[in-house]
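J.: I am sharing start.cif, which consists of mmCIF, C-alpha atoms:
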data_my_file
loop_
_atom_site.group_PDB
_atom_site.id
_atom_site.type_symbol
_atom_site.label_atom_id
_atom_site.label_comp_id
_atom_site.auth_asym_id
_atom_site.auth_seq_id
_atom_site.Cartn_x
_atom_site.Cartn_y
_atom_site.Cartn_z
ATOM 1 C CA MET Q 1 68.617 73.933 180.156
ATOM 2 C CA THR Q 2 66.495 74.934 183.127
ATOM 3 C CA VAL Q 3 63.630 77.415 183.128
ATOM 4 C CA THR Q 4 65.709 79.900 185.149
ATOM 5 C CA GLU Q 5 68.528 79.868 182.587
ATOM 6 C CA GLU Q 6 66.032 80.481 179.769
ATOM 7 C CA ARG Q 7 64.661 83.539 181.589
ATOM 8 C CA VAL Q 8 68.169 84.910 182.167
ATOM 9 C CA GLN Q 9 68.961 84.578 178.439
ATOM 10 C CA ALA Q 10 65.669 86.207 177.475
ATOM 11 C CA VAL Q 11 66.479 89.435 179.363
ATOM 12 C CA PRO Q 12 69.288 90.662 177.046
ATOM 13 C CA ARG Q 13 67.205 89.797 174.008
ATOM 14 C CA ALA Q 14 64.481 92.143 175.237
ATOM 15 C CA LYS Q 15 67.044 94.891 175.782
ATOM 16 C CA ASP Q 16 68.351 94.436 172.230
ATOM 17 C CA ALA Q 17 64.955 95.408 170.802
ATOM 18 C CA ARG Q 18 65.395 98.846 169.234
ATOM 19 C CA VAL Q 19 64.143 101.014 166.375
ATOM 20 C CA THR Q 20 66.491 101.215 163.382
ATOM 21 C CA ASP Q 21 66.435 102.837 159.964
ATOM 22 C CA GLU Q 22 66.901 101.133 156.607
ATOM 23 C CA HIS Q 23 70.687 101.075 157.142
ATOM 24 C CA GLY Q 24 70.485 99.427 160.550
ATOM 25 C CA ARG Q 25 71.383 102.573 162.480
ATOM 26 C CA ARG Q 26 69.620 103.036 165.792
ATOM 27 C CA ILE Q 27 67.001 105.807 166.041
ATOM 28 C CA ARG Q 28 66.402 107.473 169.385
ATOM 29 C CA ILE Q 29 62.834 107.755 170.635
ATOM 30 C CA GLY Q 30 62.950 111.562 170.706
ATOM 31 C CA GLU Q 31 64.160 111.693 167.113
ATOM 32 C CA LEU Q 32 61.468 109.223 166.070
ATOM 33 C CA LEU Q 33 58.743 111.312 167.720
ATOM 34 C CA TRP Q 34 60.081 114.444 166.016
ATOM 35 C CA ARG Q 35 59.986 112.734 162.615
ATOM 36 C CA TYR Q 36 56.390 111.588 163.029
ATOM 37 C CA THR Q 37 55.336 115.000 164.328
ATOM 38 C CA LEU Q 38 56.876 116.670 161.284
ATOM 39 C CA LEU Q 39 55.232 114.150 158.948
ATOM 40 C CA LEU Q 40 51.830 114.734 160.541
ATOM 41 C CA LEU Q 41 52.288 118.494 160.210
ATOM 42 C CA VAL Q 42 53.174 118.198 156.518
ATOM 43 C CA LEU Q 43 50.214 115.856 156.014
ATOM 44 C CA ALA Q 44 47.847 118.355 157.618
ATOM 45 C CA LEU Q 45 49.192 121.205 155.471
ATOM 46 C CA THR Q 46 48.934 119.258 152.206
ATOM 47 C CA VAL Q 47 45.818 117.137 152.660
ATOM 48 C CA GLY Q 48 43.863 119.510 154.908
ATOM 49 C CA PRO Q 49 42.888 122.068 152.215
ATOM 50 C CA PHE Q 50 41.747 119.325 149.843
ATOM 51 C CA LEU Q 51 39.623 117.702 152.552
ATOM 52 C CA TRP Q 52 38.072 121.084 153.297
ATOM 53 C CA GLN Q 53 37.267 121.581 149.608
ATOM 54 C CA LEU Q 54 35.760 118.101 149.388
ATOM 55 C CA SER Q 55 33.695 118.722 152.504
ATOM 56 C CA THR Q 56 32.516 122.101 151.196
ATOM 57 C CA SER Q 57 31.446 120.585 147.882
ATOM 58 C CA LEU Q 58 29.214 118.099 149.735
ATOM 59 C CA LYS Q 59 27.522 120.643 152.022
ATOM 60 C CA GLY Q 60 24.027 121.941 151.431
ATOM 61 C CA PRO Q 61 23.041 125.627 151.160
ATOM 62 C CA THR Q 62 21.975 125.832 154.815
ATOM 63 C CA GLU Q 63 25.261 124.591 156.306
ATOM 64 C CA ASP Q 64 27.940 127.010 157.487
ATOM 65 C CA ILE Q 65 31.180 126.468 155.541
ATOM 66 C CA PHE Q 66 33.185 129.113 157.442
ATOM 67 C CA SER Q 67 32.717 127.777 160.966
ATOM 68 C CA SER Q 68 35.660 127.905 163.374
ATOM 69 C CA PRO Q 69 37.055 125.348 163.887
ATOM 70 C CA PRO Q 70 36.147 124.056 160.427
ATOM 71 C CA SER Q 71 33.751 121.144 160.192
ATOM 72 C CA PHE Q 72 34.987 118.455 157.791
ATOM 73 C CA LEU Q 73 31.901 116.235 158.039
ATOM 74 C CA PRO Q 74 28.775 117.585 156.289
ATOM 75 C CA GLU Q 75 25.593 117.232 158.297
ATOM 76 C CA HIS Q 76 23.539 116.429 155.193
ATOM 77 C CA PRO Q 77 25.867 115.339 152.350
ATOM 78 C CA THR Q 78 24.596 116.105 148.866
ATOM 79 C CA LEU Q 79 25.872 115.905 145.286
ATOM 80 C CA HIS Q 80 23.684 118.783 144.157
ATOM 81 C CA ASN Q 81 26.659 121.147 143.884
ATOM 82 C CA TYR Q 82 28.267 118.919 141.249
ATOM 83 C CA GLN Q 83 25.049 118.960 139.250
ATOM 84 C CA ARG Q 84 24.980 122.747 139.480
ATOM 85 C CA VAL Q 85 28.520 122.908 138.079
ATOM 86 C CA ALA Q 86 27.438 120.868 135.067
ATOM 87 C CA ASP Q 87 24.381 123.125 134.630
ATOM 88 C CA THR Q 88 26.453 126.319 134.842
ATOM 89 C CA ILE Q 89 29.285 125.428 132.452
ATOM 90 C CA PRO Q 90 29.867 122.531 130.003
ATOM 91 C CA VAL Q 91 32.281 121.004 132.482
ATOM 92 C CA TRP Q 92 32.434 117.597 130.823
ATOM 93 C CA ASP Q 93 33.295 119.127 127.434
ATOM 94 C CA TYR Q 94 36.068 121.121 129.105
ATOM 95 C CA ALA Q 95 37.267 117.990 130.891
ATOM 96 C CA LEU Q 96 37.376 116.135 127.560
ATOM 97 C CA ASN Q 97 39.495 118.900 126.041
ATOM 98 C CA SER Q 98 41.853 118.764 129.012
ATOM 99 C CA LEU Q 99 42.039 114.982 128.704
ATOM 100 C CA LYS Q 100 42.977 115.276 125.021
ATOM 101 C CA VAL Q 101 45.696 117.815 125.791
ATOM 102 C CA ALA Q 102 47.053 115.874 128.779
ATOM 103 C CA SER Q 103 47.037 112.534 126.938
ATOM 104 C CA ALA Q 104 48.860 114.013 123.954
ATOM 105 C CA SER Q 105 51.381 115.625 126.305
ATOM 106 C CA VAL Q 106 52.017 112.285 128.018
ATOM 107 C CA VAL Q 107 52.637 110.518 124.703
ATOM 108 C CA THR Q 108 54.924 113.204 123.266
ATOM 109 C CA ASN Q 109 56.902 113.631 126.491
ATOM 110 C CA CYS Q 110 57.377 109.909 127.077
ATOM 111 C CA VAL Q 111 58.432 109.209 123.494
ATOM 112 C CA GLY Q 112 60.478 112.371 122.955
ATOM 113 C CA SER Q 113 62.145 112.347 126.371
ATOM 114 C CA ALA Q 114 63.050 108.672 126.103
ATOM 115 C CA LEU Q 115 64.622 109.133 122.674
ATOM 116 C CA ALA Q 116 66.483 112.313 123.639
ATOM 117 C CA GLY Q 117 67.576 110.905 127.003
ATOM 118 C CA TYR Q 118 68.929 107.745 125.397
ATOM 119 C CA ALA Q 119 70.828 109.763 122.797
ATOM 120 C CA LEU Q 120 72.394 111.961 125.482
ATOM 121 C CA ALA Q 121 73.308 109.061 127.753
ATOM 122 C CA ARG Q 122 74.339 106.149 125.515
ATOM 123 C CA LEU Q 123 75.310 107.416 122.060
ATOM 124 C CA ARG Q 124 78.726 108.843 121.223
ATOM 125 C CA TYR Q 125 78.839 111.913 118.967
ATOM 126 C CA ARG Q 126 80.270 115.415 118.863
ATOM 127 C CA GLY Q 127 78.376 118.040 120.809
ATOM 128 C CA ARG Q 128 76.734 115.627 123.245
ATOM 129 C CA ARG Q 129 77.841 117.616 126.300
ATOM 130 C CA ILE Q 130 76.766 120.872 124.705
ATOM 131 C CA ALA Q 131 73.340 119.395 123.982
ATOM 132 C CA THR Q 132 73.039 118.319 127.619
ATOM 133 C CA LEU Q 133 74.022 121.808 128.736
ATOM 134 C CA VAL Q 134 71.330 123.294 126.498
ATOM 135 C CA PHE Q 135 68.650 121.218 128.216
ATOM 136 C CA ILE Q 136 69.973 122.278 131.622
ATOM 137 C CA LEU Q 137 69.925 125.949 130.632
ATOM 138 C CA ALA Q 138 66.394 125.560 129.247
ATOM 139 C CA MET Q 139 65.215 124.737 132.762
ATOM 140 C CA LEU Q 140 66.535 128.094 134.002
ATOM 141 C CA VAL Q 141 64.408 130.137 131.587
ATOM 142 C CA PRO Q 142 61.034 131.118 133.127
ATOM 143 C CA VAL Q 143 57.943 130.387 131.096
ATOM 144 C CA GLU Q 144 56.838 134.019 131.307
ATOM 145 C CA GLY Q 145 60.023 135.065 129.520
ATOM 146 C CA ILE Q 146 59.308 133.061 126.368
ATOM 147 C CA ILE Q 147 55.517 133.001 126.303
ATOM 148 C CA ILE Q 148 55.301 135.894 123.814
ATOM 149 C CA ALA Q 149 57.707 134.106 121.468
ATOM 150 C CA GLN Q 150 55.655 130.928 121.806
ATOM 151 C CA PHE Q 151 52.451 132.788 120.991
ATOM 152 C CA THR Q 152 54.041 134.402 117.938
ATOM 153 C CA THR Q 153 55.304 131.029 116.746
ATOM 154 C CA MET Q 154 51.878 129.410 117.120
ATOM 155 C CA ARG Q 155 50.308 132.316 115.226
ATOM 156 C CA GLU Q 156 52.787 131.994 112.364
ATOM 157 C CA LEU Q 157 52.053 128.258 112.187
ATOM 158 C CA GLY Q 158 48.312 128.880 112.179
ATOM 159 C CA LEU Q 159 47.835 126.903 115.386
ATOM 160 C CA ASN Q 160 46.246 129.625 117.518
ATOM 161 C CA ASN Q 161 42.910 128.627 119.010
ATOM 162 C CA THR Q 162 43.647 124.911 118.556
ATOM 163 C CA LEU Q 163 44.403 122.159 121.032
ATOM 164 C CA ILE Q 164 47.533 121.321 119.037
ATOM 165 C CA GLY Q 165 48.782 124.811 119.799
ATOM 166 C CA VAL Q 166 48.237 124.112 123.490
ATOM 167 C CA VAL Q 167 50.199 120.840 123.378
ATOM 168 C CA LEU Q 168 53.091 121.741 121.092
ATOM 169 C CA PRO Q 169 55.210 124.077 123.309
ATOM 170 C CA GLY Q 170 55.268 121.532 126.129
ATOM 171 C CA SER Q 171 55.489 118.409 123.989
ATOM 172 C CA VAL Q 172 59.016 117.583 125.259
ATOM 173 C CA GLY Q 173 60.070 119.046 128.598
ATOM 174 C CA ALA Q 174 63.738 119.667 129.428
ATOM 175 C CA MET Q 175 63.298 118.256 132.933
ATOM 176 C CA ASN Q 176 61.827 115.046 131.545
ATOM 177 C CA VAL Q 177 64.723 114.649 129.107
ATOM 178 C CA LEU Q 178 67.248 114.971 131.934
ATOM 179 C CA LEU Q 179 65.328 112.467 134.056
ATOM 180 C CA MET Q 180 65.451 109.914 131.249
ATOM 181 C CA ARG Q 181 69.123 110.673 130.594
ATOM 182 C CA ASN Q 182 70.078 110.013 134.214
ATOM 183 C CA ALA Q 183 68.007 106.828 134.275
ATOM 184 C CA PHE Q 184 69.774 105.507 131.171
ATOM 185 C CA LEU Q 185 73.167 106.471 132.629
ATOM 186 C CA ASN Q 186 72.536 104.180 135.604
ATOM 187 C CA LEU Q 187 72.233 101.118 133.340
ATOM 188 C CA PRO Q 188 75.341 98.905 133.068
ATOM 189 C CA TYR Q 189 77.110 99.271 129.745
ATOM 190 C CA GLU Q 190 77.958 95.570 129.713
ATOM 191 C CA ILE Q 191 74.348 94.627 128.931
ATOM 192 C CA GLU Q 192 74.230 96.712 125.773
ATOM 193 C CA GLU Q 193 77.717 95.635 124.786
ATOM 194 C CA ALA Q 194 76.623 92.005 124.924
ATOM 195 C CA ALA Q 195 73.603 92.828 122.755
ATOM 196 C CA TYR Q 196 75.863 94.692 120.333
ATOM 197 C CA VAL Q 197 78.107 91.650 120.019
ATOM 198 C CA ASP Q 198 75.032 89.546 119.276
ATOM 199 C CA GLY Q 199 74.194 91.840 116.360
ATOM 200 C CA ALA Q 200 71.555 94.137 117.877
ATOM 201 C CA ASP Q 201 71.397 97.592 116.303
ATOM 202 C CA VAL Q 202 70.776 100.809 118.234
ATOM 203 C CA TRP Q 203 66.983 100.641 117.918
ATOM 204 C CA GLN Q 204 66.870 97.065 119.184
ATOM 205 C CA ARG Q 205 69.103 97.949 122.124
ATOM 206 C CA PHE Q 206 66.891 100.931 122.931
ATOM 207 C CA LEU Q 207 63.523 99.165 122.620
ATOM 208 C CA ARG Q 208 64.389 95.745 124.032
ATOM 209 C CA ILE Q 209 67.042 96.454 126.660
ATOM 210 C CA ALA Q 210 67.249 100.088 127.756
ATOM 211 C CA LEU Q 211 63.612 101.185 127.704
ATOM 212 C CA PRO Q 212 62.164 98.206 129.647
ATOM 213 C CA SER Q 213 64.794 98.805 132.356
ATOM 214 C CA VAL Q 214 63.599 102.364 133.084
ATOM 215 C CA LYS Q 215 59.837 101.870 133.166
ATOM 216 C CA GLY Q 216 59.701 103.575 136.549
ATOM 217 C CA THR Q 217 61.212 106.775 135.184
ATOM 218 C CA VAL Q 218 58.844 106.663 132.215
ATOM 219 C CA ALA Q 219 55.978 106.553 134.724
ATOM 220 C CA VAL Q 220 57.439 109.591 136.506
ATOM 221 C CA VAL Q 221 57.621 111.463 133.204
ATOM 222 C CA ALA Q 222 54.031 110.461 132.407
ATOM 223 C CA ILE Q 223 52.783 111.754 135.763
ATOM 224 C CA PHE Q 224 54.681 115.038 135.468
ATOM 225 C CA ALA Q 225 53.515 115.571 131.877
ATOM 226 C CA PHE Q 226 49.876 114.804 132.706
ATOM 227 C CA MET Q 227 49.862 117.045 135.770
ATOM 228 C CA GLY Q 228 51.573 119.898 133.950
ATOM 229 C CA ALA Q 229 49.181 119.798 130.998
ATOM 230 C CA TRP Q 230 46.066 119.229 133.109
ATOM 231 C CA ASP Q 231 46.818 122.053 135.570
ATOM 232 C CA ASP Q 232 48.149 124.581 133.049
ATOM 233 C CA PHE Q 233 46.105 127.769 133.029
ATOM 234 C CA LEU Q 234 48.159 130.638 131.584
ATOM 235 C CA TRP Q 235 49.136 129.174 128.207
ATOM 236 C CA PRO Q 236 45.667 127.789 127.252
ATOM 237 C CA LEU Q 237 44.161 131.121 128.347
ATOM 238 C CA ILE Q 238 46.456 132.965 125.920
ATOM 239 C CA VAL Q 239 46.280 130.651 122.916
ATOM 240 C CA LEU Q 240 42.565 129.701 123.041
ATOM 241 C CA SER Q 241 39.702 132.053 122.219
ATOM 242 C CA ASP Q 242 36.866 129.695 121.229
ATOM 243 C CA PRO Q 243 34.877 128.630 124.345
ATOM 244 C CA SER Q 244 34.201 125.220 122.797
ATOM 245 C CA ARG Q 245 37.945 124.485 122.942
ATOM 246 C CA PHE Q 246 38.536 125.686 126.504
ATOM 247 C CA THR Q 247 40.296 123.331 128.887
ATOM 248 C CA LEU Q 248 38.940 122.583 132.332
ATOM 249 C CA THR Q 249 41.141 125.087 134.176
ATOM 250 C CA ILE Q 250 39.889 127.946 131.995
ATOM 251 C CA GLY Q 251 36.277 126.787 132.169
ATOM 252 C CA LEU Q 252 36.293 126.603 135.953
ATOM 253 C CA ASN Q 253 37.418 130.228 136.060
ATOM 254 C CA TYR Q 254 33.871 131.190 135.065
ATOM 255 C CA LEU Q 255 32.627 129.812 138.385
ATOM 256 C CA HIS Q 256 34.656 132.429 140.235
ATOM 257 C CA GLY Q 257 33.324 135.298 138.170
ATOM 258 C CA THR Q 258 29.662 134.344 137.984
ATOM 259 C CA PHE Q 259 29.245 132.891 141.463
ATOM 260 C CA ALA Q 260 31.916 134.684 143.464
ATOM 261 C CA ASN Q 261 30.125 134.131 146.796
ATOM 262 C CA ASP Q 262 29.152 130.486 146.238
ATOM 263 C CA GLU Q 263 32.148 128.612 147.562
ATOM 264 C CA ARG Q 264 30.267 125.310 147.379
ATOM 265 C CA LEU Q 265 30.108 125.530 143.590
ATOM 266 C CA VAL Q 266 33.778 126.467 143.300
ATOM 267 C CA ALA Q 267 34.750 123.616 145.628
ATOM 268 C CA ALA Q 268 32.784 121.119 143.533
ATOM 269 C CA GLY Q 269 34.549 122.296 140.382
ATOM 270 C CA THR Q 270 37.909 122.024 142.135
ATOM 271 C CA VAL Q 271 37.237 118.431 143.175
ATOM 272 C CA ILE Q 272 36.244 117.561 139.599
ATOM 273 C CA ALA Q 273 39.558 118.977 138.370
ATOM 274 C CA VAL Q 274 41.689 117.207 140.992
ATOM 275 C CA ALA Q 275 40.036 113.776 140.862
ATOM 276 C CA PRO Q 276 41.775 112.589 137.620
ATOM 277 C CA LEU Q 277 45.192 113.503 139.054
ATOM 278 C CA ILE Q 278 44.539 111.458 142.178
ATOM 279 C CA ALA Q 279 43.361 108.502 140.102
ATOM 280 C CA LEU Q 280 46.445 108.689 137.853
ATOM 281 C CA PHE Q 281 48.848 108.815 140.767
ATOM 282 C CA ALA Q 282 47.061 105.939 142.525
ATOM 283 C CA CYS Q 283 47.503 103.775 139.433
ATOM 284 C CA LEU Q 284 51.173 104.652 138.873
ATOM 285 C CA GLN Q 285 52.450 105.205 142.401
ATOM 286 C CA ARG Q 286 54.544 102.019 142.610
ATOM 287 C CA TYR Q 287 56.278 102.919 139.345
ATOM 288 C CA PHE Q 288 56.640 106.522 140.486
ATOM 289 C CA PHE Q 289 58.647 105.774 143.639
ATOM 290 C CA ARG Q 290 60.789 103.263 141.795
ATOM 291 C CA GLY Q 291 61.393 105.771 139.019
ATOM 292 C CA VAL Q 292 62.577 108.459 141.423
ATOM 293 C CA GLY Q 293 65.539 106.227 142.254
ATOM 294 C CA GLU Q 294 66.179 105.362 138.607
ATOM 295 C CA GLY Q 295 66.271 109.008 137.584
ATOM 296 C CA ALA Q 296 68.332 110.279 140.495
ATOM 297 C CA VAL Q 297 71.092 112.670 139.525
ATOM 298 C CA LYS Q 298 74.468 110.954 139.611
ATOM 299 C CA GLY Q 299 77.219 112.652 141.580
#
Once more with this new file: its structure as structure tokens, please.
T.:
Amino acid sequence: MTVTEERVQAVPRAKDARVTDEHGRRIRIGELLWRYTLLLLVLALTVGPFLWQLSTSLKGPTEDIFSSPPSFLPEHPTLHNYQRVADTIPVWDYALNSLKVASASVVTNCVGSALAGYALARLRYRGRRIATLVFILAMLVPVEGIIIAQFTTMRELGLNNTLIGVVLPGSVGAMNVLLMRNAFLNLPYEIEEAAYVDGADVWQRFLRIALPSVKGTVAVVAIFAFMGAWDDFLWPLIVLSDPSRFTLTIGLNYLHGTFANDERLVAAGTVIAVAPLIALFACLQRYFFRGVGEGAVKG
């Protein structure tokens, strides 16, 4: 083959180069630019406020934090604002209380949701569909509509002003149960049937076959449970009265009341509260995106 023939054959190959999606469908350049523009806009709206808070927490008292356009790079970065937060409120004690509540919520939601989801998806008994419907209806009830009943229940149990009282109402979330149910429904029945023939009981099938196959969804439940417990403000504010048991969200509220004009202090407290969530998601992100597919609602 001559050099000229090679060049002629190379021309169509260059024309075949195109941008495609995961299904092999061609994407037009205009559509691709629109997608990236939309993604950049969403990124600016979601990450921008956090970057501004982080920048504000690192600025000194002489720097202008309300300049237009906003300046994201401090001229003289300092960690003094974080030290002032610790001097103003016992922030690390509050963070420890929040960590206890969030960790307990993760354990109870992962264990309870996995057990309930497996029972709804794989076991055969009367009332299974009704039980599933109850969990679906529970998601439609707003928290504000049952918060008085929850408070009365905690008072009758003697759990007011305790961290257990903070954890108990959200120990097993309806959304998490449905996520685990849908993940277990996606598993092939043939695998468990083979284990049943080999003599495995229901607990062995759950622990050795079903649960290891949905680790991604368990990670999703863990992230949702941790974020919900860590960020919760209304329920701990109602059930807790002893300042030594306050969670971080309640404790940081004192920064707004005492130093209403010091945005640097508030920003430093906000970064302290958000940092554990970022660290958790960074550690579990690969399981999170895999679990979204495992727990997708079946049509």
J.: So, counting only C-alpha atoms, which residue among Q:Cys283, Q:Leu115, Q:Leu237, Q:Leu137 is closest to Val166 of chain Q?
T.: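 The shortest atom-to-atom distance to Val166 of chain Q comes from Q:Leu237.
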J.: With all atoms listed in the file as the atoms that count, which of Q:Ala138, Q:Leu284, Q:Glu192, Q:Thr20 lies nearest to Leu123 of chain Q?
T.: Q:Glu192
J.: Quick check on the file I pasted: which residues fall under the PyMOL selection byres ((chain Q and resi 54-65) around 12)? Write them as a VMD selection string.
T.: chain Q and resid 47 to 53 66 to 85 261 to 275
J.: Name every residue that the PyMOL selection byres ((chain Q and resi 120) around 8) selects in this structure, writing the answer as a PyMOL selection string with chains first and numbers rising.
T.: chain Q and resi 116-119+121-123+128-129+131-132+181
J.: Quick one: of Q:Leu45, Q:Ile147, Q:Val202, Q:Leu163, who's nearest to Ser244 of chain Q, counting all atoms listed in the file?
T.: Q:Leu163
J.: Between atom CA of Glu156 of chain Q and atom CA of Ala102 of chain Q, what is the distance, to one decimal in Å?
T.: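 Separation of atom CA of Glu156 of chain Q and atom CA of Ala102 of chain Q: 23.7 Å.
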J.: Given only C-alpha atoms as the basis, pick out the residue of Q:Leu252, Q:Ile223, Q:Val177, Q:Leu140 nearest to Gly112 of chain Q.
T.: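 Once distances to Gly112 of chain Q are computed over only C-alpha atoms, the minimum belongs to Q:Val177.
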J.: Taking into account all atoms listed in the file, which residue in the set Q:Val106, Q:Ala200, Q:Ile164, Q:Ala183 is nearest to Gly228 of chain Q?
T.: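 Residue with the minimum atom-to-atom distance to Gly228 of chain Q: Q:Val106.
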J.: Just how far from atom CA of Val141 of chain Q is atom CA of Pro236 of chain Q, in Å to one decimal?
T.: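 Between these atoms lies a distance of 19.4 Å.
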J.: Work out how far apart atom CA of Trp235 of chain Q and atom CA of Thr46 of chain Q are and give it in Å to one decimal.
T.: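 Atom-to-atom, atom CA of Trp235 of chain Q to atom CA of Thr46 of chain Q, that is 26.0 Å.
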J.: From the options Q:Asn161, Q:Thr153, Q:Thr247, Q:Ser171, which residue's atoms come nearest to Thr108 of chain Q, counting only C-alpha atoms?
T.: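 With only C-alpha atoms as the atom set, the closest residue is Q:Ser171.
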J.: Fewer than 2 positions away in the same chain doesn't count, so skip those; otherwise give me all residues within 12 Å of Phe281 of chain Q, counting all atoms listed in the file, as an NGL selection string.
T.: :Q and (219-224 or 226-227 or 274-279 or 283-289)
J.: Excluding Gly173 of chain Q and its own-chain neighbours fewer than 5 positions away, which residues fall within 9 Å of it when counting all atoms listed in the file? Please give them as a list in words.
T.: Asn109, Gly112, Ser113, Phe135, Met139, Leu178 and Ala225 of chain Q
J.: If we count all atoms listed in the file, what is near Leu168 of chain Q at a cut-off of 10 Å, once residues fewer than 6 positions away on the same chain are taken out, given as a short mmCIF file (atom, residue, chain, number, x, y, z; two decimals) with C-alpha atoms, in the coordinates of the input?
T.:
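For reference, part-v5.cif as written:
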data_model
loop_
_atom_site.label_atom_id
_atom_site.label_comp_id
_atom_site.auth_asym_id
_atom_site.auth_seq_id
_atom_site.Cartn_x
_atom_site.Cartn_y
_atom_site.Cartn_z
CA VAL Q 101 45.70 117.82 125.79
CA ALA Q 104 48.86 114.01 123.95
CA SER Q 105 51.38 115.62 126.30
CA THR Q 108 54.92 113.20 123.27
CA GLN Q 150 55.66 130.93 121.81
CA MET Q 154 51.88 129.41 117.12
CA LEU Q 159 47.84 126.90 115.39
#
J.: Please report, as JSON, the centre and edge lengths in Å to one decimal of an axis-aligned box covering all listed atoms of segment 275-278 of chain Q with 4 Å per side.
T.:
{"center_x": 42.6, "center_y": 112.6, "center_z": 139.9, "size_x": 13.2, "size_y": 10.3, "size_z": 12.6}
J.: Pull out every residue that the PyMOL selection byres ((chain Q and resi 93) around 12) matches in the shown coordinates and put them as a list in words.
T.: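 Expected selection for the PyMOL selection byres ((chain Q and resi 93) around 12) here is Ala86, Ile89, Pro90, Val91, Trp92, Tyr94, Ala95, Leu96, Asn97, Ser98, Leu99, Lys100, Pro243, Ser244, Arg245, Phe246, Thr247, Leu248, Thr249, Ile250, Gly251 and Leu252 of chain Q.
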